[in-house]
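Colleague: Below is one structure. I have some questions about it.
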There are 2 protein chains.
Amino acid sequence: MKYVYRFSEGNANMRELLGGKGANLAEMTGLGLPVPEGFTITTEACTRYYDDGRELAPDILEEIMANVSQLEAQTGKKFGDPAAPLLVSVRSGARVSMPGMMDTILNLGINDQVAEALAEQSGNPRWAYDNYRRFIQMYGDVVMELSHDRFEEMLAGVREKAGVKLDSELSAENLKELVGLYKDYYEESLGQKFPQEPREQLVNAVKAVFRSWDNDRANAYRRMYSIPYSWGTAVNVQRMAFGNMGNDSGTGVAFTRDPATGEAKLYGEFLINAQGEDVVAGIRTPESIDKLAEIMPDVYEKFADVAHRLEQHYKDMQDMEFTIERGQLFMLQTRNGKRSAQAAMKIAVDMVEEGLCTKEEALMKIEPQQLDALLHPSFDPEALKAATPVAKGLPASPGAACGAVYFTAKKAIDQGKIGPVLLVRNETSAEDVEGMNAAEGILTAHGGRTSHAAVVARQIGSCCVAGCGDLRIFENEHYLRIGGTIVREGEFMSIDGSTGNVYIGKVPTIPAKMAGQFATVMGWADEIRRLGVRANADTPSDAKTALDYGAEGIGLCRTEHMFFDPDRIFIMRQMIVAQDEERRRQALDKLLPMQRGDFEGLFRVMTGKPVTIRLLDPPLHEFLPTEDPELKVLSEQMDIPFEELKSIVRALHEVNPMMGLRGCRLPILYPEIAQMQTQAIIEAAINVTKETGVTVEAEIMVPLVSSKGEIAYMRKLIKETADPIIAASGVELPYKIGTMIEIPRAAMSADRIAEEAEFFSFGTNDLTQMSFGLSRDDAGRFLPVYLNKKILEHDPFERIDEMGTGRLVEEGVRLGHQTRPDMHMGICGEHGGEPNSIDFFHRVGLDYVSCSPYRVPIARLAAAQAMIKNG
Amino acid sequence: MKYVYRFSEGNANMRELLGGKGANLAEMTGLGLPVPEGFTITTEACTRYYDDGRELAPDILEEIMANVSQLEAQTGKKFGDPAAPLLVSVRSGARVSMPGMMDTILNLGINDQVAEALAEQSGNPRWAYDNYRRFIQMYGDVVMELSHDRFEEMLAGVREKAGVKLDSELSAENLKELVGLYKDYYEESLGQKFPQEPREQLVNAVKAVFRSWDNDRANAYRRMYSIPYSWGTAVNVQRMAFGNMGNDSGTGVAFTRDPATGEAKLYGEFLINAQGEDVVAGIRTPESIDKLAEIMPDVYEKFADVAHRLEQHYKDMQDMEFTIERGQLFMLQTRNGKRSAQAAMKIAVDMVEEGLCTKEEALMKIEPQQLDALLHPSFDPEALKAATPVAKGLPASPGAACGAVYFTAKKAIDQGKIGPVLLVRNETSAEDVEGMNAAEGILTAHGGRTSHAAVVARQIGSCCVAGCGDLRIFENEHYLRIGGTIVREGEFMSIDGSTGNVYIGKVPTIPAKMAGQFATVMGWADEIRRLGVRANADTPSDAKTALDYGAEGIGLCRTEHMFFDPDRIFIMRQMIVAQDEERRRQALDKLLPMQRGDFEGLFRVMTGKPVTIRLLDPPLHEFLPTEDPELKVLSEQMDIPFEELKSIVRALHEVNPMMGLRGCRLPILYPEIAQMQTQAIIEAAINVTKETGVTVEAEIMVPLVSSKGEIAYMRKLIKETADPIIAASGVELPYKIGTMIEIPRAAMSADRIAEEAEFFSFGTNDLTQMSFGLSRDDAGRFLPVYLNKKILEHDPFERIDEMGTGRLVEEGVRLGHQTRPDMHMGICGEHGGEPNSIDFFHRVGLDYVSCSPYRVPIARLAAAQAMIKNG
């Protein structure tokens, strides 16, 4: 096993082993660009470090030392040699960039003797002691975990004493004094002298970088970006190039194109006489890269040439770090640059036009999740600079919103007619949907990213911050408390659903704008992708949005939401509390024309595109009130004695409602419910077909099927209702009967279920719950701990769990096709809009994904990327 | 497709196609025994009948008619021919015997003209009209669904008018008159004359038999005995042999051995001058078969010879029907006879001793479920004759019990010291276990066969009737009401856990007795079986019972039951409501010595046999009271303000507790719980190993694992606790860490989980719940409907669902062995004691089953049968 590679031994394809930074340093070395010599300690060494109980094994140490010797030979310098001392940087570099998450140490190799020698040889004692004090500070902070603040205090003290404002104004003497103070602090705190032996410094620095892979901010970053903990980081050891050797030196960062707009010109900034950390520290204001052309035209020209070569070589916009040492350019890093959504679109289209890359290559450069920014309003960046968040919740549905806060759906509806409104609640339920529709955004105190509020907000394209723990609502007293501040009903707040930030007062928003390149990019995606993209939509307005965003059909219409309309909920409740079939049928008869109208609306909007309608799914008690006062009102309205009504409601109570009487179990007990819904669907389809002359493509979907017996029963029930109506209408109306696959047993017996089902739609929300035995409503107490303790790499409700739930999907697909080779199969869980999951669904051979309307563009792009990646 | 077979075309192996009766009639025909000629309409014709919407297709009709013609040719008689009329019986015959469940019609072919001719030709007009009136009655009842009671009334009227008591005393004239009355009733009721055309009679009779496959009692029987609805029944059409032609005629049934005791001698009864139905009707008391030897020695000798030949041929005890027509013997049926548990043992052992069959063949003759009768007390059969059940519940745990009723566990304990007690409750919970132990039996108003009461009763071998819907308990008023009768606390009731019958008053019981042959049979089973048999046992006394019944280890010790002891529940509650780790550890420190004592007790009893201990599994709120009064008491005991305690309890509430914070999720949040349990297990194992000199074989089992990450975490936690204790003890103590496979995802990712788990135990209770998405606590509302509507063939909680849950088990076994080829795997769900399920577990390659102690003998036998059947 080889754990260390010289830059000249690697290349850009060795990213997994060398990390991104290491692989690109090697690649640039291979291209003959000016890269200081060095070597990379691999990610496998990091894994080994953790396997060995956070120790560096002797064989790895030996290999590092051999490479140090080689580096000494290459550079003609030696660790600790006053005549020609070798100084190196030690920097982390994971497979994917995690900027600022892990640690860096510069100037390693310096000690008392070397500092003195450098001062003499360079004739620049200020530079020599600046290097030394910087090294002690970084080593103390990063390796020995001393207080960063204490170092800064000492530095400030010396500045004050010297009467200067900037570090760069300190004299060599000042810095020498500071080195003394630093070393004293080090010795006092740790009971040992500051290490003078460069090899000892190096070994500890490497371990510190490995250790930083497991620090809190790195772990948080990985969770946010779904980066596996198991990858580990590499460490790069590189001869120092000094940007702090005077006014002919400097350091900077630049992009080959503007990362905000995508404009094709060098964009970046630099500092004269500085090391990299000074740019980050932000004490001195850097100059624009254009200025370099004025100050050092030769260096600028050389850099612009390097930048161009790198972009041509990598066929992507580059984000580079460079240092100028006494007029000589050194490249310290290059990587594909992060960019705004708008820039991503422009760069992709420009690069194809420039002939720099193919459409496929261009599509792969766009991060699908970024499209959110193009589809939802965002805060005015200028206004945002002045705003400070008062609290943070979960970023549950993207976009930004600003409005007067109200605590009930009813008030949100009323006030929403007057001005912008934020609906603020502990959690939302199906009864709040109308109020959510009326609001600019939704803020909840409880619930996660798959809570009702989050799911509905994504569906309707509203912005949502969920589970904001610092929020306390005093509904009856008409105020809320957040971060110690009181906000009264009607006062303004602002929320950012993409970050989870919550602000008091107005932060102005700017509307979503789809750049001109959006349509071009989506057009390419549609040409390339194999997966179909449908939308989950319950209303004609949802459906309209979905169509606008390019949906090819409706993959899931949830009929239960239709019954919460104030006109209907009462009749629905009458149906539920009916104690015999006759009274149940009476209520259903009243609901029939309403449902028919719902479906007519949907079918009209979708003109001939497939519409998958799921029969009633939730347990009936979800439609009933639970609290005594509401029950009392209902008992009067219904003319049922209170106690009787209460006992009916109590009888509907379940210990585990998620696994109780719901889905197809309802119509198996009460067939008349499914009969009414079937009649409404079929009559609506006939009416709209007659009206428009375009045949409606209705697909009736049965939820919660676990056995062939259930779908056989339901198929018979549906056909016996539908076929006579169609025959009597004289309209030729093909329709399909299919099933959700959302129960593990359904996936495991999909061969038998396929004998009765004409299509499958994988309901990965419930399938995740059942396959993990994990109640989404209750997982909030332990799922975060699972992610923290790395027991799970990802939240399985966000990203499909390929190893478990995904295997059930695969098995369902395989067995279903065994029985019905041409069966149409899709997925309609929340995962249908998540790019990694879409890639998986492409690979297992599904025909389409269905997601909320606002995620349709993301799904189209992700589906194209899946095709490009996997074929 | 051939739908009809002459008896001479079939044989005993064609049971699936011809039904049991048809196959055996064919076999007897082939053996040259005296069987009246006939043919069988196959079970496939029955399936086709249902597929065709309850119609007989023309091709089937044609085939039947062709066979009628052949039968006419064979017998020299013709349907409706006065000169030589053909009369037939039409009888159902499914693959397995369903006695009395479906319909039979005798004397078919008779009409006005034939009756007259038969009267003349036989010189026995009484016989002729007796046949006719019987036929009209059976045809009217079975085929046309006329009132059976009306026919009986008319018959009684004629008897009265004639002044006689028995039907056999009626004259030809009386019977002729009765025929007239019957035909009038028929015509009045149906608006059509009684059919005179034999072929019309036949077609309607065949359809009626097919239809009877779907009648209520047949459906109920099938559910009880797990017979698939899809099998259908065959129909046998056979020339009549007449037992009612005078005193040289008769009909009877007999067994080749005594079905009650197993004694090897002919056992049976017969009636002179009668048809089969008279024996069943029970108006005349039949004679013992011994009497036949006196009355008709030749016939007896011939019959004894046939009986002997049949037993030798089938190598099993035979249950035969025969008819004697004018001194001539005809065999109408033979089948393997049902027998008591005791007889089953004796016959099996005798037959092997007689050289009639091998041990393997003998074992296959014993129904494993029957062993229950040998292991549990039963009612005195004499006393039972006089007792009438007042209500019926679910037979939840076998045996019979009689005792004074008490409604709380505490009273059951107190009164149980004085005399026999029945514990009667709405349902039981873990707090009632001690009371259940003290009672002779348990009767509950709610809950099914997998309710807490049922599971615990089977575990402790107590008798239990569950879910007795007619029972109302007025606990505070100290009485119960059942079937309109009041029973006060302390008064006696009796329950039969094998039938579900409930009696008021004392019905004396007789203790279980294992016949001498029991040990022999079990010895053979142990020689043959491959599957190991362990027991689920939580206490030393359970473990002792399990050992007595031949358990080879403990497959599941549930540690949660140990905490309900009154001494401990308070400390347990302190642990649960502790708001920090320190106070939690304080409570756990108090529990540690108690747990260690529990395990020492178990290990001592099991001396060196493997003991699998499952770490704490249920959600913590199960240990807490929920009602305010109890919470108030607790708040005082714990010195925690009531409101605070209530809010702690409320915070533990879950929407779907089955899928919430339980199993390994508990120690992942609170590692100290598992640390305490591990310490207790390991210290107990060390102590008992030292004490006895026999190394304890402890297996620590982690519940509710769904991912490799969880078992890896738990393995580390357990090893870090256990290994230092073992090292310090100086004892060589190997122990294993394994996992339950009870979550679908665990089965689907068993390859990865096996990297960390040393053994698997499939928890098929939870696996069934999760794979079906079916909450056992809530399924009561719809599972019975599923069984009634035939959507499911079996209750998946009783018998493993091979098509779904079973496939997950298979996948878990396959993937687990892929990683660890020699991995030890068992099952510890309720299915571990169910013979069909045991057969499945054998086939998928598990190493052992674990079941409640009282089912161990059943499992040993079923495991041997699985080996014999599948190899």
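Identifiers for the structure tokens are assigned positionally: chains receive A, B, ... in sequence, residues are indexed from 1 per chain, and ligands are indexed from 1 in the order shown.
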Pick out the chain B residues within 8 Å of chain A. Count only C-alpha atoms. Give them as a ChimeraX atom specification.

Modeller: /B:654-661,665,668-669,706-710,713,743-746,748-749,770-775,777-779,781-782,785-786,790-792,803-805,807-808

Colleague: Give me the residues near segment 469-483 of chain B as a list in words, where near means some atom within 9 Å (using only C-alpha atoms) and where sequence neighbours in that chain fewer than 3 positions away do not count.

Modeller: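 Everything that qualifies: Val390, Ala391, Lys392, Gly393, Tyr406, Phe407, Thr408, Val424, Arg425, Asn426, Thr444, Ala445, His446, Ala466, Ile486, Val487, Arg488, Glu489 and Ile504 of chain B.
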
Colleague: Please save C-alpha atoms of the selected residues as a compact mmCIF listing (two decimals), in the first residue's frame.

Modeller:
```txt
# COMPACT_ATOMS: atom_id res chain seq x y z
CA VAL B 390 -72.43 -19.29 28.01
CA ALA B 391 -70.15 -17.50 25.53
CA LYS B 392 -67.25 -18.08 23.17
CA GLY B 393 -63.99 -16.19 22.83
CA TYR B 406 -61.01 -12.07 40.11
CA PHE B 407 -60.53 -8.88 38.17
CA THR B 408 -57.12 -7.64 39.27
CA VAL B 424 -60.67 -11.93 34.18
CA ARG B 425 -59.71 -8.59 32.62
CA ASN B 426 -60.52 -6.40 29.63
CA THR B 444 -60.12 -11.31 28.49
CA ALA B 445 -62.81 -9.24 26.82
CA HIS B 446 -60.55 -7.63 24.24
CA ALA B 466 -59.14 -13.91 24.72
CA ILE B 486 -74.19 -11.83 36.48
CA VAL B 487 -71.14 -13.49 38.03
CA ARG B 488 -69.77 -11.94 41.22
CA GLU B 489 -66.11 -11.80 42.15
CA ILE B 504 -70.44 -20.43 34.34
```

Colleague: DSSP on the backbone: what in segment 266-318 of chain A comes out strand (DSSP E or B), as a list in words?

Modeller: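 Matching residues, listed in order: Tyr267, Gly268, Glu269, Phe270, Leu271, Ile272, Glu287, Ser288 and Gln318 of chain A.
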
Colleague: Deliver the residues from the most recent selection as a file, using C-alpha atoms, as a tab-separated table (two decimals), in the first residue's frame.

Modeller:
```
chain	number	residue	atom	x	y	z
A	267	TYR	CA	-12.64	37.76	-11.67
A	268	GLY	CA	-10.85	37.84	-8.33
A	269	GLU	CA	-8.81	39.72	-5.80
A	270	PHE	CA	-5.34	39.81	-4.28
A	271	LEU	CA	-3.26	41.38	-1.50
A	272	ILE	CA	0.25	42.71	-1.84
A	287	GLU	CA	-7.59	44.73	-4.64
A	288	SER	CA	-9.47	43.58	-7.70
A	318	GLN	CA	-11.76	27.45	-12.49
```

Colleague: If you measure from atom CA of Asp214 of chain A to atom CA of Ala234 of chain A, what distance in Å do you get, rounded to one decimal?

Modeller: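 Going from atom CA of Asp214 of chain A over to atom CA of Ala234 of chain A covers 13.2 Å.
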
Colleague: Residues within 6 Å of Pro377 of chain B, please, as a PDB file with all heavy atoms, in the first residue's frame. Count only C-alpha atoms; anything in the same chain fewer than 4 positions from it doesn't count.

Modeller:
```
ATOM      1  N   GLY B 399     -55.721 -25.707  26.768  1.00  0.00           N
ATOM      2  CA  GLY B 399     -55.940 -26.237  28.098  1.00  0.00           C
ATOM      3  C   GLY B 399     -57.298 -25.824  28.622  1.00  0.00           C
ATOM      4  O   GLY B 399     -58.022 -25.074  27.970  1.00  0.00           O
ATOM      5  N   ALA B 400     -57.644 -26.345  29.800  1.00  0.00           N
ATOM      6  CA  ALA B 400     -58.919 -26.001  30.418  1.00  0.00           C
ATOM      7  C   ALA B 400     -58.634 -25.561  31.838  1.00  0.00           C
ATOM      8  O   ALA B 400     -57.669 -26.015  32.457  1.00  0.00           O
ATOM      9  CB  ALA B 400     -59.849 -27.207  30.417  1.00  0.00           C
ATOM     10  N   ILE B 510     -59.281 -32.526  34.166  1.00  0.00           N
ATOM     11  CA  ILE B 510     -58.353 -33.624  34.462  1.00  0.00           C
ATOM     12  C   ILE B 510     -56.965 -33.173  34.031  1.00  0.00           C
ATOM     13  O   ILE B 510     -56.820 -32.491  33.021  1.00  0.00           O
ATOM     14  CB  ILE B 510     -58.772 -34.941  33.773  1.00  0.00           C
ATOM     15  CG1 ILE B 510     -59.088 -34.696  32.286  1.00  0.00           C
ATOM     16  CG2 ILE B 510     -59.969 -35.552  34.451  1.00  0.00           C
ATOM     17  CD1 ILE B 510     -59.419 -35.958  31.528  1.00  0.00           C
ATOM     18  N   PRO B 511     -55.973 -33.542  34.813  1.00  0.00           N
ATOM     19  CA  PRO B 511     -54.629 -33.025  34.531  1.00  0.00           C
ATOM     20  C   PRO B 511     -54.067 -33.592  33.236  1.00  0.00           C
ATOM     21  O   PRO B 511     -54.513 -34.629  32.735  1.00  0.00           O
ATOM     22  CB  PRO B 511     -53.807 -33.484  35.734  1.00  0.00           C
ATOM     23  CG  PRO B 511     -54.585 -34.597  36.350  1.00  0.00           C
ATOM     24  CD  PRO B 511     -56.016 -34.400  35.999  1.00  0.00           C
ATOM     25  N   ALA B 512     -53.091 -32.901  32.701  1.00  0.00           N
ATOM     26  CA  ALA B 512     -52.401 -33.377  31.497  1.00  0.00           C
ATOM     27  C   ALA B 512     -51.671 -34.662  31.822  1.00  0.00           C
ATOM     28  O   ALA B 512     -51.142 -34.821  32.901  1.00  0.00           O
ATOM     29  CB  ALA B 512     -51.395 -32.317  31.051  1.00  0.00           C
TER      30      ALA B 512
END
```

Colleague: Just asking: which residues within segment 143-384 of chain B are alpha helix (DSSP H) according to DSSP, as a PyMOL selection string?

Modeller: chain B and resi 148-162+172-190+198-212+216-225+276-281+289-295+297-314+341-353+359-364+372-375+381-384

Colleague: Using only C-alpha atoms, which protein or nucleic acid residues come within 10 Å of Ala304 of chain A? Drop anything in the same chain fewer than 3 positions from it, and give the result as number ranges by chain.

Modeller: A: 254, 256, 265-266, 293, 298-301, 307-310

Colleague: Would you list the contacts of Gln121 of chain A as a PyMOL selection string, taking every protein, DNA or RNA residue within 12 Å and counting only C-alpha atoms, but skipping same-chain residues closer than 5 positions in sequence?

Modeller: chain A and resi 82-85+114-116+127-128

Colleague: Those residues with N, CA, C and O atoms, as a compact mmCIF listing (two decimals), in the first residue's frame please?

Modeller:
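Ended up saving to part_32.txt:
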```txt
# COMPACT_ATOMS: atom_id res chain seq x y z
N PRO A 82 20.04 25.93 8.70
CA PRO A 82 20.09 27.39 8.65
C PRO A 82 20.62 27.88 7.30
O PRO A 82 20.25 28.96 6.86
N ALA A 83 21.44 27.08 6.65
CA ALA A 83 22.01 27.51 5.38
C ALA A 83 20.94 27.61 4.29
O ALA A 83 20.89 28.56 3.52
N ALA A 84 20.06 26.62 4.22
CA ALA A 84 18.98 26.65 3.21
C ALA A 84 17.78 25.94 3.80
O ALA A 84 17.51 24.78 3.51
N PRO A 85 17.06 26.62 4.66
CA PRO A 85 15.96 25.95 5.37
C PRO A 85 14.75 25.70 4.45
O PRO A 85 14.41 26.56 3.64
N VAL A 114 16.23 28.84 12.44
CA VAL A 114 15.85 29.08 11.05
C VAL A 114 15.36 30.51 10.87
O VAL A 114 15.71 31.19 9.90
N ALA A 115 14.59 31.01 11.83
CA ALA A 115 14.06 32.37 11.74
C ALA A 115 15.23 33.36 11.66
O ALA A 115 15.25 34.27 10.81
N GLU A 116 16.19 33.13 12.50
CA GLU A 116 17.35 34.01 12.52
C GLU A 116 18.09 33.97 11.18
O GLU A 116 18.43 35.01 10.60
N TRP A 127 10.06 39.90 7.57
CA TRP A 127 9.44 38.75 6.90
C TRP A 127 9.71 37.47 7.70
O TRP A 127 8.82 36.66 7.95
N ALA A 128 10.98 37.34 8.12
CA ALA A 128 11.37 36.11 8.83
C ALA A 128 10.54 35.94 10.10
O ALA A 128 9.97 34.86 10.35
```

Colleague: Hey, can you check how far atom CA of Pro198 of chain A sits from atom CA of Gly80 of chain A?

Modeller: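 Taking atom CA of Pro198 of chain A as the start and atom CA of Gly80 of chain A as the end point, the length is 6.3 Å.
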
Colleague: Residues near Asn124 of chain B, anyone? I mean within 12 Å using only C-alpha atoms, not counting same-chain ones fewer than 2 positions away, as a VMD selection string.

Modeller: chain B and resid 115 to 122 126 to 131 171 to 173 244 to 246

Colleague: List as JSON, numbers by chain the protein and nucleic acid residues near Ile554 of chain A, meaning an atom at most 6 Å away when only C-alpha atoms are counted, but skip any in the same chain fewer than 5 places from it.

Modeller: {"A": [534, 535, 536, 611, 612]}
